[in-house]
$ cat protein.cif   # mmCIF, C-alpha atoms
data_input
#
loop_
_atom_site.label_atom_id
_atom_site.label_comp_id
_atom_site.auth_asym_id
_atom_site.auth_seq_id
_atom_site.Cartn_x
_atom_site.Cartn_y
_atom_site.Cartn_z
CA MET A 1 18.90 -11.54 11.61
CA VAL A 2 16.04 -10.44 9.40
CA SER A 3 14.64 -12.84 6.82
CA PRO A 4 13.44 -11.55 3.44
CA GLN A 5 10.81 -14.29 3.66
CA ILE A 6 8.85 -12.82 6.56
CA GLN A 7 5.42 -14.27 6.00
CA ARG A 8 3.23 -11.38 6.97
CA PHE A 9 4.07 -7.85 5.95
CA THR A 10 1.57 -5.03 5.67
CA ALA A 11 3.06 -2.34 3.47
CA LEU A 12 3.03 1.43 3.78
CA LEU A 13 1.41 2.50 7.04
CA PHE A 14 2.27 6.16 7.30
CA ALA A 15 0.62 7.39 10.49
CA ALA A 16 3.88 8.45 12.09
CA LEU A 17 5.09 10.41 9.06
CA LEU A 18 2.35 12.90 8.31
CA GLY A 19 1.23 16.16 9.89
CA ILE A 20 -1.40 18.80 9.25
CA ALA A 21 -1.87 20.37 5.81
CA THR A 22 -1.58 24.09 5.23
CA ALA A 23 -4.80 26.06 5.04
CA SER A 24 -6.62 26.84 1.81
CA ALA A 25 -8.07 30.26 1.18
CA ALA A 26 -11.40 28.86 0.00
CA LEU A 27 -11.91 25.77 2.17
CA PRO A 28 -10.79 24.57 5.58
CA PRO A 29 -7.67 22.42 5.27
CA PRO A 30 -8.21 18.69 4.77
CA ASP A 31 -7.76 16.57 7.88
CA ILE A 32 -4.57 14.75 6.94
CA ASN A 33 -4.18 12.99 10.27
CA GLY A 34 -7.82 11.90 10.21
CA THR A 35 -7.44 10.53 6.70
CA VAL A 36 -4.26 8.66 7.62
CA ALA A 37 -5.98 7.19 10.68
CA GLY A 38 -8.89 6.08 8.49
CA ASN A 39 -6.51 4.55 5.96
CA ASN A 40 -4.78 2.60 8.70
CA ARG A 41 -8.08 1.33 10.09
CA PHE A 42 -9.07 0.17 6.61
CA ALA A 43 -5.63 -1.46 6.15
CA LEU A 44 -6.02 -3.52 9.31
CA ASP A 45 -9.65 -4.38 8.50
CA LEU A 46 -8.53 -5.69 5.13
CA TYR A 47 -5.57 -7.56 6.62
CA SER A 48 -7.90 -9.33 9.04
CA LYS A 49 -9.84 -10.65 6.03
CA LEU A 50 -6.73 -11.67 4.05
CA ARG A 51 -4.54 -13.06 6.82
CA ASP A 52 -5.71 -16.65 6.34
CA THR A 53 -4.69 -16.64 2.67
CA LYS A 54 -2.39 -19.57 1.95
CA GLY A 55 1.25 -18.72 1.31
CA ASN A 56 2.90 -15.34 1.66
CA LEU A 57 0.82 -12.18 1.62
CA PHE A 58 1.97 -8.78 0.34
CA PHE A 59 -0.29 -5.86 -0.49
CA SER A 60 -0.38 -2.07 -0.37
CA PRO A 61 -3.41 -0.81 1.54
CA TYR A 62 -2.55 2.76 0.54
CA SER A 63 -2.79 1.79 -3.12
CA ILE A 64 -6.18 0.18 -2.52
CA SER A 65 -7.44 3.15 -0.46
CA THR A 66 -6.42 5.53 -3.24
CA ALA A 67 -8.20 3.52 -5.93
CA MET A 68 -11.33 3.23 -3.81
CA ALA A 69 -11.21 6.95 -3.00
CA MET A 70 -11.36 7.66 -6.75
CA CYS A 71 -14.31 5.31 -7.03
CA TYR A 72 -15.94 6.98 -4.03
CA GLY A 73 -15.69 10.31 -5.88
CA GLY A 74 -18.31 9.05 -8.31
CA ALA A 75 -20.62 7.46 -5.74
CA ARG A 76 -23.80 8.99 -4.32
CA GLY A 77 -26.55 8.07 -1.88
CA ASP A 78 -26.43 4.73 -0.07
CA THR A 79 -23.45 3.58 -2.13
CA ALA A 80 -21.37 6.58 -1.02
CA GLU A 81 -22.40 6.08 2.61
CA GLU A 82 -21.46 2.40 2.58
CA MET A 83 -18.11 3.10 0.92
CA ALA A 84 -17.32 5.88 3.39
CA LYS A 85 -18.11 3.52 6.27
CA VAL A 86 -15.85 0.73 4.99
CA LEU A 87 -13.01 3.10 4.04
CA HIS A 88 -13.39 5.13 7.26
CA PHE A 89 -13.87 8.41 5.39
CA THR A 90 -15.61 11.39 6.96
CA ARG A 91 -16.98 14.41 5.11
CA SER A 92 -15.11 16.77 7.42
CA ALA A 93 -11.82 15.07 6.50
CA GLN A 94 -12.25 16.03 2.82
CA PRO A 95 -10.73 12.75 1.57
CA HIS A 96 -10.02 13.91 -2.00
CA PRO A 97 -7.87 16.96 -1.09
CA ALA A 98 -6.31 14.87 1.69
CA PHE A 99 -5.20 12.15 -0.76
CA THR A 100 -3.75 14.85 -3.03
CA GLU A 101 -1.66 16.17 -0.16
CA LEU A 102 -0.68 12.71 1.10
CA THR A 103 0.56 11.58 -2.29
CA ALA A 104 2.56 14.79 -2.76
CA ARG A 105 4.19 14.40 0.65
CA LEU A 106 5.06 10.76 0.09
CA GLU A 107 6.56 11.34 -3.33
CA ALA A 108 8.56 14.26 -1.89
CA LEU A 109 10.37 11.77 0.38
CA GLN A 110 12.45 10.54 -2.56
CA ARG A 111 16.14 11.21 -2.03
CA ASN A 112 18.68 11.47 -4.86
CA GLY A 113 17.66 8.18 -6.43
CA GLN A 114 18.24 6.33 -3.14
CA VAL A 115 14.46 6.04 -2.66
CA GLN A 116 11.97 5.82 -5.51
CA LEU A 117 8.27 6.14 -4.74
CA HIS A 118 5.81 6.67 -7.55
CA MET A 119 2.02 6.44 -7.65
CA ALA A 120 -0.18 6.71 -10.75
CA ASN A 121 -3.94 6.53 -11.37
CA SER A 122 -5.96 5.92 -14.50
CA LEU A 123 -9.57 5.68 -15.67
CA TRP A 124 -10.53 3.48 -18.63
CA PRO A 125 -14.17 4.17 -19.58
CA ARG A 126 -15.98 2.17 -22.24
CA GLN A 127 -15.95 3.98 -25.57
CA GLY A 128 -19.03 6.13 -25.90
CA TYR A 129 -19.99 5.85 -22.22
CA PRO A 130 -20.69 9.36 -20.87
CA LEU A 131 -18.96 10.18 -17.59
CA LEU A 132 -19.90 13.36 -15.73
CA VAL A 133 -17.48 16.22 -16.33
CA GLU A 134 -17.56 16.85 -12.58
CA TYR A 135 -16.19 13.36 -11.91
CA LEU A 136 -13.52 13.58 -14.61
CA THR A 137 -12.39 16.94 -13.21
CA LEU A 138 -12.20 15.52 -9.68
CA SER A 139 -10.17 12.51 -10.86
CA LYS A 140 -7.71 14.67 -12.80
CA HIS A 141 -7.36 17.38 -10.16
CA HIS A 142 -7.03 15.29 -7.00
CA TYR A 143 -5.57 12.04 -8.36
CA ALA A 144 -3.77 13.15 -11.55
CA ALA A 145 -5.65 10.35 -13.30
CA SER A 146 -5.16 9.73 -17.00
CA ILE A 147 -8.44 9.03 -18.84
CA THR A 148 -8.45 6.75 -21.89
CA PRO A 149 -11.63 5.31 -23.48
CA LEU A 150 -11.36 1.65 -24.53
CA ASP A 151 -13.36 -0.78 -26.64
CA PHE A 152 -14.13 -3.47 -24.07
CA ALA A 153 -15.74 -5.63 -26.76
CA ASN A 154 -12.13 -6.26 -27.90
CA THR A 155 -11.07 -7.66 -24.54
CA ALA A 156 -7.62 -8.80 -25.70
CA GLU A 157 -6.56 -5.39 -26.99
CA ALA A 158 -8.15 -3.54 -24.06
CA SER A 159 -6.35 -5.72 -21.49
CA GLN A 160 -3.02 -5.27 -23.32
CA THR A 161 -3.44 -1.48 -23.26
CA ILE A 162 -4.13 -1.43 -19.53
CA ASN A 163 -1.28 -3.85 -18.83
CA ARG A 164 1.21 -1.70 -20.75
CA TRP A 165 0.20 1.29 -18.62
CA VAL A 166 0.70 -0.75 -15.42
CA GLU A 167 4.10 -2.02 -16.59
CA ASN A 168 5.27 1.49 -17.49
CA ASN A 169 4.29 2.79 -14.05
CA THR A 170 5.86 -0.03 -12.05
CA GLU A 171 9.23 -0.24 -13.80
CA GLN A 172 8.02 -3.40 -15.58
CA LYS A 173 7.61 -5.20 -12.23
CA ILE A 174 3.86 -5.87 -12.53
CA ARG A 175 2.92 -7.67 -15.72
CA ASP A 176 -0.30 -9.13 -17.07
CA MET A 177 -2.38 -7.68 -14.25
CA VAL A 178 -5.55 -7.78 -16.37
CA ARG A 179 -6.44 -10.85 -18.40
CA PRO A 180 -8.91 -10.69 -21.30
CA GLY A 181 -11.35 -12.79 -19.28
CA ASP A 182 -11.31 -10.21 -16.48
CA LEU A 183 -13.01 -7.59 -18.66
CA ASP A 184 -16.75 -7.48 -19.21
CA PRO A 185 -17.64 -6.07 -22.65
CA LYS A 186 -20.52 -4.24 -20.97
CA ALA A 187 -18.36 -2.71 -18.22
CA ALA A 188 -18.72 1.05 -17.87
CA LEU A 189 -15.31 1.79 -16.35
CA VAL A 190 -12.05 0.18 -15.28
CA LEU A 191 -10.18 2.09 -12.59
CA VAL A 192 -6.49 1.37 -11.89
CA ASN A 193 -3.93 2.50 -9.32
CA ALA A 194 -0.26 1.55 -9.63
CA ILE A 195 2.36 2.05 -6.94
CA TYR A 196 6.11 1.50 -7.25
CA PHE A 197 8.64 1.62 -4.44
CA LYS A 198 12.33 0.86 -4.38
CA GLY A 199 14.63 2.07 -1.64
CA ASN A 200 18.15 1.60 -0.37
CA TRP A 201 18.53 0.95 3.33
CA ALA A 202 19.99 3.84 5.34
CA SER A 203 22.34 1.20 6.78
CA ARG A 204 22.97 -1.18 3.92
CA PHE A 205 23.54 -4.91 4.33
CA ASP A 206 26.78 -6.45 3.12
CA PRO A 207 25.85 -9.30 0.73
CA ARG A 208 28.98 -11.16 1.80
CA ARG A 209 27.51 -11.53 5.29
CA THR A 210 24.30 -13.19 4.10
CA GLN A 211 24.11 -16.72 5.51
CA ARG A 212 21.63 -19.58 5.48
CA ALA A 213 19.90 -20.24 8.77
CA LYS A 214 16.73 -21.79 10.15
CA PHE A 215 13.54 -19.81 9.53
CA SER A 216 10.38 -20.73 11.44
CA LEU A 217 7.21 -21.55 9.53
CA PRO A 218 3.64 -22.09 10.75
CA GLY A 219 3.00 -25.53 12.19
CA ASN A 220 6.26 -25.69 14.17
CA THR A 221 8.33 -26.41 11.09
CA THR A 222 11.49 -24.74 9.88
CA THR A 223 13.28 -24.23 6.60
CA LEU A 224 16.71 -22.99 5.62
CA ALA A 225 16.60 -19.46 4.22
CA PRO A 226 19.22 -16.84 3.33
CA MET A 227 19.37 -14.33 6.19
CA LEU A 228 20.64 -10.76 5.94
CA TYR A 229 23.01 -9.81 8.73
CA GLN A 230 24.53 -6.67 10.20
CA LYS A 231 25.34 -5.11 13.55
CA GLY A 232 24.18 -1.57 14.24
CA ARG A 233 21.93 0.70 16.25
CA PHE A 234 18.24 0.52 15.32
CA ARG A 235 14.97 1.41 16.96
CA TYR A 236 13.70 -1.72 18.69
CA ALA A 237 10.97 -2.58 21.17
CA GLN A 238 10.13 -5.77 23.02
CA LEU A 239 6.72 -5.78 24.66
CA GLU A 240 4.50 -8.55 25.98
CA GLY A 241 4.62 -11.25 23.33
CA VAL A 242 5.80 -8.99 20.50
CA GLN A 243 9.02 -7.45 19.21
CA LEU A 244 9.41 -4.66 16.68
CA LEU A 245 12.39 -3.54 14.63
CA GLU A 246 12.50 -0.41 12.46
CA LEU A 247 14.75 -0.41 9.40
CA PRO A 248 14.93 3.10 7.88
CA TYR A 249 15.47 3.73 4.20
CA ALA A 250 17.95 6.28 2.86
CA GLY A 251 16.92 9.80 3.83
CA ASN A 252 15.17 8.51 6.97
CA GLY A 253 11.75 9.66 5.71
CA LEU A 254 10.46 6.12 5.17
CA SER A 255 11.07 2.90 7.05
CA MET A 256 10.03 -0.74 7.25
CA VAL A 257 8.78 -1.96 10.61
CA VAL A 258 9.10 -5.70 11.20
CA ILE A 259 6.66 -7.15 13.75
CA LEU A 260 7.36 -10.63 15.09
CA PRO A 261 6.26 -12.71 18.09
CA THR A 262 8.77 -13.20 20.89
CA THR A 263 7.77 -16.87 21.03
CA ARG A 264 7.81 -19.22 18.08
CA GLY A 265 4.38 -20.16 16.78
CA LYS A 266 2.56 -17.18 18.32
CA LEU A 267 2.11 -15.10 15.16
CA ALA A 268 -1.67 -15.65 15.17
CA ARG A 269 -1.88 -14.14 18.66
CA ILE A 270 -0.24 -10.95 17.39
CA GLU A 271 -2.59 -10.85 14.41
CA ASP A 272 -5.60 -11.25 16.71
CA SER A 273 -4.54 -8.18 18.71
CA LEU A 274 -3.60 -6.05 15.69
CA THR A 275 -5.82 -2.96 15.90
CA PRO A 276 -5.10 0.72 15.21
CA SER A 277 -4.74 1.43 18.93
CA THR A 278 -2.39 -1.49 19.61
CA LEU A 279 -0.32 -0.66 16.52
CA ASP A 280 -0.03 2.97 17.63
CA GLY A 281 1.04 1.77 21.08
CA TRP A 282 3.68 -0.55 19.66
CA LEU A 283 5.09 2.11 17.34
CA SER A 284 5.26 4.69 20.13
#
$ encode --input "protein.cif" --output "structure tokens"
Amino acid sequence: MVSPQIQRFTALLFAALLGIATASAALPPPDINGTVAGNNRFALDLYSKLRDTKGNLFFSPYSISTAMAMCYGGARGDTAEEMAKVLHFTRSAQPHPAFTELTARLEALQRNGQVQLHMANSLWPRQGYPLLVEYLTLSKHHYAASITPLDFANTAEASQTINRWVENNTEQKIRDMVRPGDLDPKAALVLVNAIYFKGNWASRFDPRRTQRAKFSLPGNTTTLAPMLYQKGRFRYAQLEGVQLLELPYAGNGLSMVVILPTTRGKLARIEDSLTPSTLDGWLS
């Protein structure tokens, strides 16, 4: 049984999906595997900071990495070095061409409407604020970013404009992301990434077999929750203290991996050991 209320779920770790990019005539090919590895390291770094958040936690580290990569494209000096360190970018990896290739490969995994995966980027500079043409070109070329100047002095209208863009790029699922109070009238630039995913399972669950059962919560408590149910053959591993189950989506290009402790109440122990090397070991 797999509960839709699993409390900790880190979305979109793609290390097992991606290979090496084809060569460019002008430049050496971007290091796709190196960029993916860096993204995964950043994802787990961020998760370690967010894991103690109260309630359920759901976020897309790939979305955050993409947005920060766009920001990194405009950074120089110490700022660029600090960002590269936190995001685990290397100059040899050519992060901007690598993100272009990664996004193209991920969006190509869509299958006949069974899987929908869409990513969009946008820049919202303050009206009259001069951005370097070099940076605008980079954002358009590598991230397909739309660029729309806004009057941040009118915070209500500016926030509504950004929110409409987010809604249109997430099938109306994310609403009111920016509130008027979030915008500083003196801000130079607002940078936004939106990601939308919806996929059918390769082996779909029969809603008639959903049943309420006990679901374990932190603190040795339980609650009744609707549990999906099916019998089938899936990739599964049980190692010391941890179990993993892979649920592929239609087309078998994307999957969700559920990681749970083998013993009730031991989730924190798994989180403590969650590093890129242990994750790679579990997935292999």
$ resolve_selection --input "protein.cif" --expression "the PyMOL selection byres ((chain A and resi 90) around 10)" --output "list in words"
Asp31, Gly34, Thr35, Gly38, Glu81, Ala84, Lys85, Leu87, His88, Phe89, Arg91, Ser92, Ala93, Gln94 and Pro95 of chain A
$ residues_around --input "protein.cif" --residues "stretch 96-102 of chain A" --least-positions-apart "3" --cutoff "7 Å" --atoms "all atoms listed in the file" --output "JSON, numbers by chain"
{"A": [30, 31, 32, 35, 105, 106, 142, 143]}
$ write_last_selection --input "protein.cif" --atoms "C-alpha atoms" --output "PDB file, keeping the file's coordinate frame"
ATOM      1  CA  PRO A  30      -8.210  18.690   4.770  1.00  0.00           C
ATOM      2  CA  ASP A  31      -7.760  16.570   7.880  1.00  0.00           C
ATOM      3  CA  ILE A  32      -4.570  14.750   6.940  1.00  0.00           C
ATOM      4  CA  THR A  35      -7.440  10.530   6.700  1.00  0.00           C
ATOM      5  CA  ARG A 105       4.190  14.400   0.650  1.00  0.00           C
ATOM      6  CA  LEU A 106       5.060  10.760   0.090  1.00  0.00           C
ATOM      7  CA  HIS A 142      -7.030  15.290  -7.000  1.00  0.00           C
ATOM      8  CA  TYR A 143      -5.570  12.040  -8.360  1.00  0.00           C
TER       9      TYR A 143
END
$ residues_around --input "protein.cif" --residues "A:Met68" --least-positions-apart "2" --cutoff "10 Å" --atoms "only C-alpha atoms" --output "count of residues only"
15
$ atom_distance --input "protein.cif" --atom1 "atom CA of A:Ala108" --atom2 "atom CA of A:Trp282"
26.6 Å
$ resolve_selection --input "protein.cif" --expression "the PyMOL selection byres ((chain A and resi 139) around 10)" --output "ChimeraX atom specification"
/A:69-71,73-74,96,121-123,133-138,140-147
$ residues_around --input "protein.cif" --residues "A:Ala225" --least-positions-apart "4" --cutoff "7 Å" --atoms "all atoms listed in the file" --output "ChimeraX atom specification"
/A:212-215
$ residues_around --input "protein.cif" --residues "stretch 238-241 of chain A" --least-positions-apart "4" --cutoff "8 Å" --atoms "all atoms listed in the file" --output "ChimeraX atom specification"
/A:261-263,270,282
$ atom_distance --input "protein.cif" --atom1 "atom CA of A:Asn252" --atom2 "atom CA of A:Thr210"
23.7 Å
$ closest_residue --input "protein.cif" --among "A:Tyr129, A:Phe58, A:Phe42, A:Phe197" --to "A:Asn169" --atoms "only C-alpha atoms"
A:Phe197
$ residues_near_point --input "protein.cif" --point "(14.4, 2.5, -2.9)" --cutoff "7 Å" --atoms "only C-alpha atoms" --output "PyMOL selection string"
chain A and resi 114-116+197-200
$ axis_aligned_box --input "protein.cif" --around "stretch 186-192 of chain A" --padding-each-side "3 Å" --output "lines of an AutoDock Vina configuration file"
center_x = -13.5
center_y = -1.1
center_z = -16.4
size_x = 20.0
size_y = 12.3
size_z = 15.1
$ resolve_selection --input "protein.cif" --expression "the PyMOL selection byres ((chain A and resi 257) around 8)" --output "MDAnalysis selection string"
chainID A and resid 244:247 255:256 258:259
$ closest_residue --input "protein.cif" --among "A:Asp45, A:Tyr236, A:Pro218, A:Gln230" --to "A:Lys266" --atoms "only C-alpha atoms"
A:Pro218
$ closest_residue --input "protein.cif" --among "A:Asp184, A:Asp151, A:Glu107, A:Asp176" --to "A:Trp124" --atoms "all atoms listed in the file"
A:Asp151
$ closest_residue --input "protein.cif" --among "A:Ala120, A:Ile195, A:Ala153, A:Ala202" --to "A:Gly181" --atoms "only C-alpha atoms"
A:Ala153
$ closest_residue --input "protein.cif" --among "A:Met177, A:Leu44, A:Gly128, A:Glu82" --to "A:Trp165" --atoms "only C-alpha atoms"
A:Met177
$ atom_distance --input "protein.cif" --atom1 "atom CA of A:Tyr47" --atom2 "atom CA of A:Asp78"
25.1 Å
$ residues_near_point --input "protein.cif" --point "(25.1, -7.9, 9.7)" --cutoff "7 Å" --atoms "all atoms listed in the file" --output "list in words"
Phe205, Asp206, Arg209, Leu228, Tyr229, Gln230 and Lys231 of chain A
$ decode --input "protein.cif" --residues "stretch 197-209 of chain A" --atoms "all heavy atoms" --output "PDB file, in the first residue's frame"
ATOM      1  N   PHE A 197       3.805  19.335 -13.801  1.00  0.00           N
ATOM      2  CA  PHE A 197       3.907  17.917 -14.133  1.00  0.00           C
ATOM      3  C   PHE A 197       2.605  17.213 -13.796  1.00  0.00           C
ATOM      4  O   PHE A 197       2.026  17.428 -12.730  1.00  0.00           O
ATOM      5  CB  PHE A 197       5.041  17.239 -13.357  1.00  0.00           C
ATOM      6  CG  PHE A 197       5.084  15.741 -13.560  1.00  0.00           C
ATOM      7  CD1 PHE A 197       5.611  15.220 -14.736  1.00  0.00           C
ATOM      8  CD2 PHE A 197       4.581  14.874 -12.617  1.00  0.00           C
ATOM      9  CE1 PHE A 197       5.632  13.844 -14.953  1.00  0.00           C
ATOM     10  CE2 PHE A 197       4.596  13.503 -12.816  1.00  0.00           C
ATOM     11  CZ  PHE A 197       5.128  12.990 -13.991  1.00  0.00           C
ATOM     12  N   LYS A 198       2.147  16.407 -14.723  1.00  0.00           N
ATOM     13  CA  LYS A 198       0.993  15.545 -14.488  1.00  0.00           C
ATOM     14  C   LYS A 198       1.204  14.281 -15.302  1.00  0.00           C
ATOM     15  O   LYS A 198       1.436  14.337 -16.509  1.00  0.00           O
ATOM     16  CB  LYS A 198      -0.311  16.231 -14.908  1.00  0.00           C
ATOM     17  CG  LYS A 198      -1.549  15.374 -14.638  1.00  0.00           C
ATOM     18  CD  LYS A 198      -2.826  16.100 -15.052  1.00  0.00           C
ATOM     19  CE  LYS A 198      -4.043  15.231 -14.764  1.00  0.00           C
ATOM     20  NZ  LYS A 198      -5.299  15.917 -15.168  1.00  0.00           N
ATOM     21  N   GLY A 199       1.159  13.141 -14.630  1.00  0.00           N
ATOM     22  CA  GLY A 199       1.418  11.894 -15.344  1.00  0.00           C
ATOM     23  C   GLY A 199       0.514  10.767 -14.898  1.00  0.00           C
ATOM     24  O   GLY A 199       0.137  10.674 -13.722  1.00  0.00           O
ATOM     25  N   ASN A 200       0.144   9.919 -15.839  1.00  0.00           N
ATOM     26  CA  ASN A 200      -0.572   8.690 -15.524  1.00  0.00           C
ATOM     27  C   ASN A 200       0.442   7.608 -15.155  1.00  0.00           C
ATOM     28  O   ASN A 200       1.525   7.526 -15.743  1.00  0.00           O
ATOM     29  CB  ASN A 200      -1.407   8.219 -16.719  1.00  0.00           C
ATOM     30  CG  ASN A 200      -2.587   9.124 -16.989  1.00  0.00           C
ATOM     31  OD1 ASN A 200      -3.157   9.713 -16.076  1.00  0.00           O
ATOM     32  ND2 ASN A 200      -2.959   9.234 -18.258  1.00  0.00           N
ATOM     33  N   TRP A 201       0.092   6.788 -14.176  1.00  0.00           N
ATOM     34  CA  TRP A 201       0.956   5.668 -13.839  1.00  0.00           C
ATOM     35  C   TRP A 201       1.017   4.682 -15.004  1.00  0.00           C
ATOM     36  O   TRP A 201       0.038   4.486 -15.717  1.00  0.00           O
ATOM     37  CB  TRP A 201       0.429   4.933 -12.599  1.00  0.00           C
ATOM     38  CG  TRP A 201       0.342   5.749 -11.361  1.00  0.00           C
ATOM     39  CD1 TRP A 201      -0.797   6.080 -10.676  1.00  0.00           C
ATOM     40  CD2 TRP A 201       1.427   6.346 -10.633  1.00  0.00           C
ATOM     41  NE1 TRP A 201      -0.481   6.849  -9.581  1.00  0.00           N
ATOM     42  CE2 TRP A 201       0.871   7.028  -9.524  1.00  0.00           C
ATOM     43  CE3 TRP A 201       2.805   6.377 -10.821  1.00  0.00           C
ATOM     44  CZ2 TRP A 201       1.650   7.724  -8.602  1.00  0.00           C
ATOM     45  CZ3 TRP A 201       3.588   7.072  -9.905  1.00  0.00           C
ATOM     46  CH2 TRP A 201       3.013   7.724  -8.814  1.00  0.00           C
ATOM     47  N   ALA A 202       2.178   4.055 -15.200  1.00  0.00           N
ATOM     48  CA  ALA A 202       2.284   2.998 -16.206  1.00  0.00           C
ATOM     49  C   ALA A 202       1.345   1.850 -15.835  1.00  0.00           C
ATOM     50  O   ALA A 202       0.717   1.230 -16.704  1.00  0.00           O
ATOM     51  CB  ALA A 202       3.727   2.511 -16.304  1.00  0.00           C
ATOM     52  N   SER A 203       1.252   1.558 -14.547  1.00  0.00           N
ATOM     53  CA  SER A 203       0.298   0.571 -14.037  1.00  0.00           C
ATOM     54  C   SER A 203      -0.680   1.323 -13.149  1.00  0.00           C
ATOM     55  O   SER A 203      -0.360   1.678 -12.008  1.00  0.00           O
ATOM     56  CB  SER A 203       1.024  -0.525 -13.237  1.00  0.00           C
ATOM     57  OG  SER A 203       0.093  -1.450 -12.683  1.00  0.00           O
ATOM     58  N   ARG A 204      -1.852   1.598 -13.674  1.00  0.00           N
ATOM     59  CA  ARG A 204      -2.773   2.512 -13.004  1.00  0.00           C
ATOM     60  C   ARG A 204      -3.506   1.816 -11.855  1.00  0.00           C
ATOM     61  O   ARG A 204      -3.782   0.610 -11.900  1.00  0.00           O
ATOM     62  CB  ARG A 204      -3.763   3.091 -14.003  1.00  0.00           C
ATOM     63  CG  ARG A 204      -3.087   3.807 -15.158  1.00  0.00           C
ATOM     64  CD  ARG A 204      -4.053   4.534 -16.059  1.00  0.00           C
ATOM     65  NE  ARG A 204      -4.628   5.698 -15.418  1.00  0.00           N
ATOM     66  CZ  ARG A 204      -5.351   6.616 -16.049  1.00  0.00           C
ATOM     67  NH1 ARG A 204      -5.597   6.485 -17.342  1.00  0.00           N
ATOM     68  NH2 ARG A 204      -5.843   7.656 -15.406  1.00  0.00           N
ATOM     69  N   PHE A 205      -3.811   2.595 -10.831  1.00  0.00           N
ATOM     70  CA  PHE A 205      -4.540   2.094  -9.676  1.00  0.00           C
ATOM     71  C   PHE A 205      -6.039   2.108  -9.967  1.00  0.00           C
ATOM     72  O   PHE A 205      -6.545   3.024 -10.614  1.00  0.00           O
ATOM     73  CB  PHE A 205      -4.261   2.962  -8.443  1.00  0.00           C
ATOM     74  CG  PHE A 205      -2.867   2.835  -7.912  1.00  0.00           C
ATOM     75  CD1 PHE A 205      -1.833   3.603  -8.432  1.00  0.00           C
ATOM     76  CD2 PHE A 205      -2.577   1.946  -6.880  1.00  0.00           C
ATOM     77  CE1 PHE A 205      -0.548   3.499  -7.937  1.00  0.00           C
ATOM     78  CE2 PHE A 205      -1.291   1.827  -6.381  1.00  0.00           C
ATOM     79  CZ  PHE A 205      -0.268   2.616  -6.907  1.00  0.00           C
ATOM     80  N   ASP A 206      -6.728   1.101  -9.477  1.00  0.00           N
ATOM     81  CA  ASP A 206      -8.180   1.033  -9.603  1.00  0.00           C
ATOM     82  C   ASP A 206      -8.785   1.783  -8.416  1.00  0.00           C
ATOM     83  O   ASP A 206      -8.611   1.376  -7.264  1.00  0.00           O
ATOM     84  CB  ASP A 206      -8.628  -0.434  -9.575  1.00  0.00           C
ATOM     85  CG  ASP A 206     -10.126  -0.583  -9.812  1.00  0.00           C
ATOM     86  OD1 ASP A 206     -10.855   0.439  -9.741  1.00  0.00           O
ATOM     87  OD2 ASP A 206     -10.574  -1.718 -10.044  1.00  0.00           O
ATOM     88  N   PRO A 207      -9.498   2.887  -8.664  1.00  0.00           N
ATOM     89  CA  PRO A 207     -10.070   3.656  -7.545  1.00  0.00           C
ATOM     90  C   PRO A 207     -10.979   2.825  -6.647  1.00  0.00           C
ATOM     91  O   PRO A 207     -11.116   3.113  -5.458  1.00  0.00           O
ATOM     92  CB  PRO A 207     -10.851   4.773  -8.238  1.00  0.00           C
ATOM     93  CG  PRO A 207     -10.248   4.879  -9.607  1.00  0.00           C
ATOM     94  CD  PRO A 207      -9.803   3.498  -9.964  1.00  0.00           C
ATOM     95  N   ARG A 208     -11.576   1.773  -7.216  1.00  0.00           N
ATOM     96  CA  ARG A 208     -12.485   0.953  -6.413  1.00  0.00           C
ATOM     97  C   ARG A 208     -11.750   0.149  -5.351  1.00  0.00           C
ATOM     98  O   ARG A 208     -12.364  -0.345  -4.403  1.00  0.00           O
ATOM     99  CB  ARG A 208     -13.262   0.002  -7.335  1.00  0.00           C
ATOM    100  CG  ARG A 208     -14.217   0.722  -8.296  1.00  0.00           C
ATOM    101  CD  ARG A 208     -14.810  -0.230  -9.301  1.00  0.00           C
ATOM    102  NE  ARG A 208     -13.782  -0.831 -10.141  1.00  0.00           N
ATOM    103  CZ  ARG A 208     -14.017  -1.696 -11.118  1.00  0.00           C
ATOM    104  NH1 ARG A 208     -15.273  -2.063 -11.376  1.00  0.00           N
ATOM    105  NH2 ARG A 208     -13.028  -2.194 -11.826  1.00  0.00           N
ATOM    106  N   ARG A 209     -10.428   0.039  -5.494  1.00  0.00           N
ATOM    107  CA  ARG A 209      -9.645  -0.734  -4.524  1.00  0.00           C
ATOM    108  C   ARG A 209      -9.012   0.161  -3.448  1.00  0.00           C
ATOM    109  O   ARG A 209      -8.322  -0.349  -2.568  1.00  0.00           O
ATOM    110  CB  ARG A 209      -8.567  -1.542  -5.242  1.00  0.00           C
ATOM    111  CG  ARG A 209      -9.113  -2.448  -6.323  1.00  0.00           C
ATOM    112  CD  ARG A 209      -8.090  -3.419  -6.831  1.00  0.00           C
ATOM    113  NE  ARG A 209      -7.843  -4.485  -5.863  1.00  0.00           N
ATOM    114  CZ  ARG A 209      -7.011  -5.517  -6.071  1.00  0.00           C
ATOM    115  NH1 ARG A 209      -6.347  -5.590  -7.213  1.00  0.00           N
ATOM    116  NH2 ARG A 209      -6.836  -6.430  -5.154  1.00  0.00           N
TER     117      ARG A 209
END
